[in-house]
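Notes follow the structure.
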Amino acid sequence: MINKRKISIIGGAGHVGYPLGLIFSSKGFEVNLIDKNLKNSNKINLGKSPFLEEGSEALLKKMLKKKRIKASQELKSVLESKYIIICIGTPIDNNLSPEIKRFLNFFKELRKYLKKNHHIIIRSSVYPGICEKVYNIIKDKNKNLSYCPERIVQGKSIKELPNISQLVSGKNITSIRESANLFKKICKKIITVEIIEAELIKLFSNAYRYVHFAISNQFYMICRDQGLNFFKIREIMKDGYKRNAHIPMSGFTAGPCLLKDTMQLSSFYNKKFSLGHAAMNVNEDMPKFIYNDLKKNIDLKHKTIGLLGLTFKADCDDIRDSLAIKLLKFLKNKKIKILYSDEYYFMKGSITKKKLIEKSDIIIISTPHSSYKKIKIPKKKLLIDIWGHIN
Ligand SMILES: NC(=O)c1ccc[n+]([C@@H]2O[C@H](COP(=O)([O-])OP(=O)(O)OC[C@H]3O[C@@H](n4cnc5c(N)ncnc54)[C@H](O)[C@@H]3O)[C@@H](O)[C@H]2O)c1
């Protein structure tokens with residue numbers, strides 16, 4: 001029997017599904033996190049957050065105690081839930097094309113368990129048009145399909161979700177109404193749009209950020225090649241001149257979403273999203289640029305380079321699509337002596353930041369973790385700080 005207070009979240013042990021499940025459970029829903037990742041599911045059931053997610057562990061413990069959340073591998077358990085929310089990954093392949101088949105195959109599997117009165121909500125960031133394809137797979141069993149994309153910043157969901165607007169779109173009036181009512185329980189503002197609009201808004205937002213960061217990365221490169229200080233120039237650009245107020249800092253523009261969604265958008269636009277490709281060339285080239293920039297004046301054969309930070313962004317424990325890792329691999333391939341350290345992620349061979357600073361001739365801030373703000377680098381060592389983090 002379908003329970004109106006029950007929500008199943010597929011991909012429930014992931015970065016989107018886990019905090020979303022916690023927030024729904026805190027509003028009185030009984031949440032069933034379904035995920036094929038056994039390790040992360042077990043952690044959740046033991047009251048441990050599977051990754052850094054601000055404010056989540058205390059809430060998890062509270063919800064487990066109230067028996068309002070649990071993780072499992074049983075797709076069949078969706079049968080009892082009124083709402084089924086899909087938060088599984090939507091990766092791109094080696095040719096930068098979305099792995100659509102894998103996503104659609106999931107719905108062929110889910111279809112077996114669907115009943116007429118289920119409400120299915122896709123939350124992953126998808127290739128535009130995919131919701132229509134999903135609908136064609138499930139429509140003879142269930143017509144209540146919605147697309148309500150996730151728009152949080154990773155690691156900050158618990159704080160952000162209630163405060164950002166929620167896009168709601170669906171295949172019929174019932175699905176739109178049901179999804180809007182559901183998300184009203186956790187968000188302040190609901191915006192109803194067409195499915196294709198929601199699909200594009202999600203990708204446009206990430207592509208916009210990706211291109212935006214690439215501009216500063218390219219400016220950084222131009223400055224380095226001219227022997228100039230981008231951070232000083234950036235400050236002066238903004239000084240008394242509001243139109244430049246939003247120019248970002250340079251740095252590694254990485255992680256599992258921005259590049260991936262820019263390329264999903266490009267695939268949708270028959271690979272003609274030239275701005276997106278240009279941004280990718282700049283952002284992904286940063287590790288190589290750092291190497292070429294260093295070797296202009298230094299014989300790197302006799303130097304030890306230390307990388308401070310491995311994760312894809314600050315104060316997080318996720319190395320997915322990290323450019324710090326790309327830089328590490330690049331330098332290793334060049335047979336350069338390399339040391340590495342991270343505050344939140346342990347990789348075989350990692351050392352402490354203190355040891356790294358002691359033993360390296362060149363120190364690169366590869367991830368701007370907050371704790372690096374106060375480090376002291378001896379004057380005789382060279383510091384490369386592409387983020388202007390501690391300079
Ligand atoms: N990470 C973010 O900050 C963020 C923000 C907005 C949107 N998104 C989008 O949300 C989606 C999920 O991203 P994520 O970062 O949470 O990924 P993730 O890898 O952290 O989580 C996905 C989870 O889905 C599980 N999974 C995959 N296939 C499954 C299946 N068939 N059955 C059960 N579980 C399955 C995986 O084991 C994993 O735990 C992506 O489309 C992403 O682009 C992510």
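Simple scheme: letters A, B, ... for chains in structure tokens order, numbers from 1 for residues in each chain, numbers from 1 for ligands in the order shown.
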
Go through the chains and note each residue within 8 Å of ligand 1, using only C-alpha atoms and all ligand atoms, then give the set as a CSV table (one decimal) with all heavy atoms, in the first residue's frame.
chain,number,residue,atom,x,y,z
A,10,ILE,N,16.3,7.7,-4.9
A,10,ILE,CA,17.2,6.8,-5.6
A,10,ILE,C,18.5,7.6,-5.8
A,10,ILE,O,18.5,8.7,-6.3
A,10,ILE,CB,16.7,6.3,-6.9
A,10,ILE,CG1,15.2,6.1,-7.0
A,10,ILE,CG2,17.5,5.1,-7.3
A,10,ILE,CD1,14.7,4.9,-6.3
A,11,GLY,N,19.6,7.0,-5.4
A,11,GLY,CA,20.9,7.8,-5.3
A,11,GLY,C,20.9,8.5,-4.0
A,11,GLY,O,21.5,9.6,-3.8
A,12,GLY,N,20.2,7.9,-3.0
A,12,GLY,CA,20.0,8.6,-1.7
A,12,GLY,C,21.2,8.6,-0.8
A,12,GLY,O,21.2,9.3,0.2
A,13,ALA,N,22.3,7.9,-1.2
A,13,ALA,CA,23.5,8.1,-0.4
A,13,ALA,C,24.5,9.0,-1.1
A,13,ALA,O,25.7,9.1,-0.7
A,13,ALA,CB,24.2,6.7,-0.2
A,14,GLY,N,24.0,9.7,-2.1
A,14,GLY,CA,24.9,10.6,-2.9
A,14,GLY,C,24.9,12.0,-2.4
A,14,GLY,O,24.1,12.4,-1.4
A,15,HIS,N,25.6,12.9,-3.0
A,15,HIS,CA,25.8,14.3,-2.6
A,15,HIS,C,24.5,15.1,-2.7
A,15,HIS,O,24.3,16.1,-1.9
A,15,HIS,CB,26.9,15.0,-3.3
A,15,HIS,CG,28.2,14.4,-3.0
A,15,HIS,ND1,28.7,13.3,-3.6
A,15,HIS,CD2,29.2,14.9,-2.1
A,15,HIS,CE1,29.9,13.0,-3.0
A,15,HIS,NE2,30.2,14.0,-2.1
A,16,VAL,N,23.6,14.7,-3.6
A,16,VAL,CA,22.3,15.4,-3.7
A,16,VAL,C,21.2,14.7,-2.9
A,16,VAL,O,20.5,15.3,-2.1
A,16,VAL,CB,21.9,15.5,-5.2
A,16,VAL,CG1,20.4,15.8,-5.4
A,16,VAL,CG2,22.8,16.6,-5.9
A,17,GLY,N,21.2,13.4,-3.0
A,17,GLY,CA,20.1,12.6,-2.4
A,17,GLY,C,20.1,12.6,-0.9
A,17,GLY,O,19.1,12.7,-0.2
A,18,TYR,N,21.3,12.4,-0.3
A,18,TYR,CA,21.5,12.3,1.1
A,18,TYR,C,21.0,13.6,1.9
A,18,TYR,O,20.1,13.5,2.7
A,18,TYR,CB,22.9,11.9,1.5
A,18,TYR,CG,23.3,12.2,2.9
A,18,TYR,CD1,22.8,11.4,3.9
A,18,TYR,CD2,24.3,13.1,3.2
A,18,TYR,CE1,23.2,11.6,5.3
A,18,TYR,CE2,24.7,13.3,4.5
A,18,TYR,CZ,24.2,12.6,5.5
A,18,TYR,OH,24.6,12.8,6.8
A,34,ILE,N,17.6,4.9,-1.3
A,34,ILE,CA,18.0,3.7,-2.0
A,34,ILE,C,19.2,4.0,-2.8
A,34,ILE,O,19.3,5.0,-3.6
A,34,ILE,CB,16.8,3.3,-3.0
A,34,ILE,CG1,15.6,3.1,-2.2
A,34,ILE,CG2,17.2,2.0,-3.7
A,34,ILE,CD1,14.3,2.8,-3.0
A,35,ASP,N,20.3,3.2,-2.6
A,35,ASP,CA,21.5,3.5,-3.2
A,35,ASP,C,22.3,2.2,-3.4
A,35,ASP,O,22.4,1.4,-2.5
A,35,ASP,CB,22.4,4.5,-2.4
A,35,ASP,CG,23.4,5.2,-3.3
A,35,ASP,OD1,24.2,4.5,-3.9
A,35,ASP,OD2,23.3,6.5,-3.5
A,36,LYS,N,22.9,2.0,-4.6
A,36,LYS,CA,23.7,0.8,-4.7
A,36,LYS,C,25.1,0.9,-4.1
A,36,LYS,O,25.8,-0.1,-4.0
A,36,LYS,CB,23.8,0.5,-6.2
A,36,LYS,CG,24.5,1.5,-7.1
A,36,LYS,CD,24.5,1.1,-8.5
A,36,LYS,CE,25.2,2.1,-9.4
A,36,LYS,NZ,25.2,1.8,-10.8
A,37,ASN,N,25.4,2.0,-3.5
A,37,ASN,CA,26.7,2.2,-2.8
A,37,ASN,C,26.5,1.7,-1.4
A,37,ASN,O,26.0,2.4,-0.5
A,37,ASN,CB,27.2,3.6,-2.8
A,37,ASN,CG,28.5,3.8,-2.2
A,37,ASN,OD1,28.9,3.1,-1.3
A,37,ASN,ND2,29.3,4.8,-2.8
A,40,ASN,N,28.5,3.6,1.6
A,40,ASN,CA,27.9,4.9,2.1
A,40,ASN,C,26.5,4.6,2.7
A,40,ASN,O,26.2,5.3,3.7
A,40,ASN,CB,27.7,5.8,0.9
A,40,ASN,CG,29.1,6.4,0.5
A,40,ASN,OD1,30.1,6.2,1.2
A,40,ASN,ND2,29.1,7.2,-0.5
A,73,GLN,N,19.4,-1.1,-0.4
A,73,GLN,CA,19.7,-1.3,-1.8
A,73,GLN,C,18.5,-1.7,-2.6
A,73,GLN,O,18.6,-2.0,-3.7
A,73,GLN,CB,20.8,-2.4,-1.9
A,73,GLN,CG,22.2,-1.9,-1.8
A,73,GLN,CD,22.5,-1.5,-0.3
A,73,GLN,OE1,22.3,-2.2,0.6
A,73,GLN,NE2,23.0,-0.2,-0.1
A,75,LEU,N,15.5,-1.6,-4.6
A,75,LEU,CA,14.7,-0.8,-5.5
A,75,LEU,C,13.2,-1.1,-5.3
A,75,LEU,O,12.3,-0.2,-5.4
A,75,LEU,CB,15.1,-1.0,-6.9
A,75,LEU,CG,14.6,0.0,-7.9
A,75,LEU,CD1,14.9,1.5,-7.6
A,75,LEU,CD2,15.1,-0.2,-9.3
A,87,CYS,N,18.0,10.9,-8.0
A,87,CYS,CA,19.2,11.8,-7.8
A,87,CYS,C,20.4,11.0,-8.3
A,87,CYS,O,21.5,11.3,-7.7
A,87,CYS,CB,19.3,12.2,-6.4
A,87,CYS,SG,17.9,13.0,-5.6
A,88,ILE,N,20.3,10.1,-9.2
A,88,ILE,CA,21.5,9.4,-9.6
A,88,ILE,C,22.4,10.2,-10.5
A,88,ILE,O,21.9,11.2,-11.1
A,88,ILE,CB,21.2,8.0,-10.3
A,88,ILE,CG1,20.4,8.2,-11.6
A,88,ILE,CG2,20.4,7.1,-9.4
A,88,ILE,CD1,20.1,6.9,-12.4
A,89,GLY,N,23.6,9.8,-10.7
A,89,GLY,CA,24.6,10.6,-11.5
A,89,GLY,C,24.2,10.6,-12.9
A,89,GLY,O,23.5,9.7,-13.5
A,90,THR,N,24.7,11.7,-13.6
A,90,THR,CA,24.4,11.8,-15.1
A,90,THR,C,25.8,12.2,-15.7
A,90,THR,O,26.0,13.3,-16.2
A,90,THR,CB,23.4,12.9,-15.4
A,90,THR,OG1,23.7,14.1,-14.6
A,90,THR,CG2,22.0,12.5,-15.0
A,91,PRO,N,26.7,11.2,-15.7
A,91,PRO,CA,28.1,11.5,-16.2
A,91,PRO,C,28.1,11.7,-17.7
A,91,PRO,O,27.2,11.4,-18.5
A,91,PRO,CB,28.9,10.3,-15.8
A,91,PRO,CG,27.9,9.2,-15.6
A,91,PRO,CD,26.6,9.8,-15.3
A,106,PHE,N,18.1,2.9,-16.2
A,106,PHE,CA,17.6,2.9,-14.8
A,106,PHE,C,16.1,2.9,-14.8
A,106,PHE,O,15.5,2.2,-14.0
A,106,PHE,CB,18.2,4.0,-14.0
A,106,PHE,CG,17.5,4.3,-12.8
A,106,PHE,CD1,17.6,3.4,-11.7
A,106,PHE,CD2,16.5,5.3,-12.7
A,106,PHE,CE1,16.9,3.5,-10.5
A,106,PHE,CE2,15.8,5.4,-11.5
A,106,PHE,CZ,15.9,4.6,-10.5
A,123,ARG,N,15.6,14.6,-10.3
A,123,ARG,CA,16.3,15.7,-9.7
A,123,ARG,C,17.7,15.9,-10.2
A,123,ARG,O,18.4,16.9,-10.0
A,123,ARG,CB,16.3,15.5,-8.2
A,123,ARG,CG,16.7,16.8,-7.4
A,123,ARG,CD,16.0,16.9,-6.1
A,123,ARG,NE,16.4,18.0,-5.3
A,123,ARG,CZ,15.8,19.2,-5.5
A,123,ARG,NH1,14.9,19.4,-6.4
A,123,ARG,NH2,16.2,20.2,-4.7
A,124,SER,N,18.2,14.9,-10.9
A,124,SER,CA,19.6,14.9,-11.5
A,124,SER,C,19.6,16.0,-12.5
A,124,SER,O,18.6,16.4,-13.1
A,124,SER,CB,19.9,13.6,-12.1
A,124,SER,OG,19.6,12.5,-11.3
A,125,SER,N,20.8,16.5,-12.9
A,125,SER,CA,21.0,17.5,-13.9
A,125,SER,C,21.0,16.7,-15.3
A,125,SER,O,22.0,15.9,-15.5
A,125,SER,CB,22.3,18.3,-13.8
A,125,SER,OG,22.4,18.7,-12.4
A,126,VAL,N,20.1,16.9,-16.1
A,126,VAL,CA,20.0,16.0,-17.3
A,126,VAL,C,20.2,16.7,-18.6
A,126,VAL,O,20.0,17.9,-18.8
A,126,VAL,CB,18.6,15.3,-17.3
A,126,VAL,CG1,18.4,14.4,-16.1
A,126,VAL,CG2,17.4,16.3,-17.4
A,149,PRO,N,14.9,20.2,-10.8
A,149,PRO,CA,16.4,20.1,-10.6
A,149,PRO,C,16.9,20.6,-9.3
A,149,PRO,O,16.4,21.5,-8.7
A,149,PRO,CB,16.9,20.9,-11.8
A,149,PRO,CG,15.8,21.9,-12.1
A,149,PRO,CD,14.6,21.2,-11.8
A,150,GLU,N,18.0,20.0,-8.9
A,150,GLU,CA,18.7,20.4,-7.6
A,150,GLU,C,19.7,21.6,-8.0
A,150,GLU,O,20.3,21.5,-9.1
A,150,GLU,CB,19.6,19.2,-7.1
A,150,GLU,CG,20.4,19.5,-5.9
A,150,GLU,CD,19.5,20.0,-4.7
A,150,GLU,OE1,19.0,19.1,-4.0
A,150,GLU,OE2,19.4,21.2,-4.5
A,151,ARG,N,19.7,22.6,-7.2
A,151,ARG,CA,20.6,23.8,-7.5
A,151,ARG,C,21.4,24.2,-6.4
A,151,ARG,O,21.9,25.3,-6.3
A,151,ARG,CB,19.7,24.9,-8.0
A,151,ARG,CG,18.8,24.5,-9.2
A,151,ARG,CD,18.3,25.7,-10.0
A,151,ARG,NE,17.4,26.5,-9.3
A,151,ARG,CZ,17.0,27.7,-9.6
A,151,ARG,NH1,17.5,28.3,-10.7
A,151,ARG,NH2,16.1,28.4,-9.0
A,152,ILE,N,21.7,23.3,-5.4
A,152,ILE,CA,22.5,23.7,-4.2
A,152,ILE,C,24.0,23.7,-4.6
A,152,ILE,O,24.4,23.2,-5.6
A,152,ILE,CB,22.3,22.7,-3.0
A,152,ILE,CG1,22.4,21.3,-3.5
A,152,ILE,CG2,21.0,23.0,-2.3
A,152,ILE,CD1,23.7,20.6,-3.5
A,153,VAL,N,24.7,24.3,-3.7
A,153,VAL,CA,26.2,24.2,-3.8
A,153,VAL,C,26.6,23.0,-2.9
A,153,VAL,O,26.2,22.9,-1.8
A,153,VAL,CB,26.8,25.5,-3.3
A,153,VAL,CG1,28.2,25.3,-2.7
A,153,VAL,CG2,26.9,26.5,-4.5
A,154,GLN,N,27.4,22.1,-3.5
A,154,GLN,CA,27.8,20.9,-2.8
A,154,GLN,C,28.3,21.2,-1.4
A,154,GLN,O,29.2,22.0,-1.2
A,154,GLN,CB,28.8,20.1,-3.6
A,154,GLN,CG,29.0,18.7,-3.1
A,154,GLN,CD,29.8,17.8,-4.0
A,154,GLN,OE1,29.5,17.8,-5.2
A,154,GLN,NE2,30.8,17.1,-3.5
A,155,GLY,N,27.8,20.4,-0.4
A,155,GLY,CA,28.3,20.6,1.0
A,155,GLY,C,27.5,21.5,1.8
A,155,GLY,O,27.7,21.6,3.0
A,256,PRO,N,32.4,17.8,-10.2
A,256,PRO,CA,31.6,16.9,-11.0
A,256,PRO,C,30.5,17.5,-11.8
A,256,PRO,O,29.8,16.9,-12.5
A,256,PRO,CB,31.0,15.9,-9.9
A,256,PRO,CG,30.9,16.7,-8.7
A,256,PRO,CD,32.1,17.7,-8.7
A,257,CYS,N,30.3,18.8,-11.6
A,257,CYS,CA,29.1,19.4,-12.3
A,257,CYS,C,29.4,20.4,-13.4
A,257,CYS,O,28.8,20.3,-14.5
A,257,CYS,CB,28.2,20.1,-11.2
A,257,CYS,SG,27.4,18.9,-10.2
A,260,LYS,N,30.9,19.1,-16.7
A,260,LYS,CA,29.9,18.0,-17.2
A,260,LYS,C,28.7,18.7,-17.8
A,260,LYS,O,28.2,18.4,-18.9
A,260,LYS,CB,29.6,17.1,-16.0
A,260,LYS,CG,28.8,15.9,-16.4
A,260,LYS,CD,27.4,16.0,-15.9
A,260,LYS,CE,27.1,16.1,-14.5
A,260,LYS,NZ,25.7,16.3,-14.2
A,261,ASP,N,28.1,19.6,-17.1
A,261,ASP,CA,26.9,20.2,-17.5
A,261,ASP,C,27.1,21.2,-18.7
A,261,ASP,O,26.3,21.3,-19.6
A,261,ASP,CB,26.2,21.0,-16.4
A,261,ASP,CG,25.5,20.0,-15.4
A,261,ASP,OD1,25.5,18.8,-15.8
A,261,ASP,OD2,25.1,20.3,-14.3

Which residues in region 120-264 of chain A does DSSP call helix (DSSP H, G or I)? List them as a PyMOL selection string.
chain A and resi 130-138+157-163+173-184+195-225+230-238+242-244+258-264

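Separating CA of Lys355 (chain A) from CA of Leu331 (chain A) is a distance of 19.4 Å.
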
Region 222-231 of chain A environment, 12 Å, only C-alpha atoms, sequence neighbours closer than 2 positions dropped, as a count of residues only:
34

Any idea what's packed within 9 Å of region 82-86 of chain A, counting only C-alpha atoms, ignoring anything in its chain fewer than 3 positions away? Could you give it as number ranges by chain?
A: 2-12, 17, 78-79, 117-124, 179, 182

Point-to-point distance from CA of Leu328 (chain A) to CA of Pro378 (chain A), Å rounded to tenths:
22.7 Å

For region 298-309 of chain A, find every residue with an atom within 7 Å (counting only C-alpha atoms), except residues of its own chain fewer than 3 positions away, and show them as a JSON list (two decimals) with C-alpha atoms, in the first residue's frame.
[["chain", "number", "residue", "atom", "x", "y", "z"],
["A", 294, "LEU", "CA", 57.28, 27.24, -13.63],
["A", 295, "LYS", "CA", 59.68, 25.65, -16.05],
["A", 324, "ALA", "CA", 44.61, 19.31, -8.25],
["A", 336, "ILE", "CA", 59.03, 15.61, -11.12],
["A", 337, "LYS", "CA", 59.53, 14.92, -7.45],
["A", 338, "ILE", "CA", 56.17, 15.65, -5.92],
["A", 339, "LEU", "CA", 54.64, 15.69, -2.44],
["A", 340, "TYR", "CA", 50.99, 16.18, -1.57],
["A", 341, "SER", "CA", 48.76, 16.86, 1.37],
["A", 342, "ASP", "CA", 45.08, 17.50, 2.01],
["A", 353, "LYS", "CA", 51.05, 20.23, 5.44],
["A", 356, "LEU", "CA", 55.15, 19.26, 2.91],
["A", 360, "SER", "CA", 59.25, 21.19, -0.82],
["A", 361, "ASP", "CA", 61.15, 23.84, -2.78],
["A", 362, "ILE", "CA", 58.00, 24.98, -4.58],
["A", 363, "ILE", "CA", 54.60, 24.97, -2.87],
["A", 364, "ILE", "CA", 51.43, 25.14, -4.94],
["A", 365, "ILE", "CA", 48.09, 25.94, -3.33],
["A", 366, "SER", "CA", 46.08, 23.47, -5.39],
["A", 367, "THR", "CA", 42.91, 23.71, -3.25]]

Check the smallest atom-to-atom distance from each of A:Asn94, A:Asn181, A:Ser25, A:Ser371 to Cys316 (chain A) using only C-alpha atoms, then report the winner.
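Under the stated criterion, the closest residue is A:Ser371.
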
Work out how far apart CA of Ala254 (chain A) and CA of Leu275 (chain A) are and give it in Å to one decimal.
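These two atoms are separated by 17.0 Å.
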
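Backbone DSSP over region 85-261 of chain A yields strand (DSSP E or B) at Ile85, Ile86, Ile92, Pro98, His119, Ile120, Ile121, Ile122, Leu145, Ser146, Tyr147, Gln166, Leu167, Val168, Ser169, Gly170, Ile190, Ile191 and Thr192 of chain A.
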
Which residues are near region 190-195 of chain A? Cut-off 7 Å, only C-alpha atoms, ignore same chain within fewer than 2 positions. Put them as a PyMOL selection string.
chain A and resi 147+165-170+180+184+188+197-199

Option closest in space to Leu96 (chain A), from A:Pro162, A:Pro128, A:Pro50, A:Gly276 [counting only C-alpha atoms]
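Closest candidate: A:Gly276.
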
Counting only C-alpha atoms, figure out which residue out of A:Ile173, A:Phe312, A:Asn144, A:Asn163 gets nearest to Cys187 (chain A).
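Ranking A:Ile173, A:Phe312, A:Asn144, A:Asn163 by distance to Cys187 (chain A), first place goes to A:Asn163.
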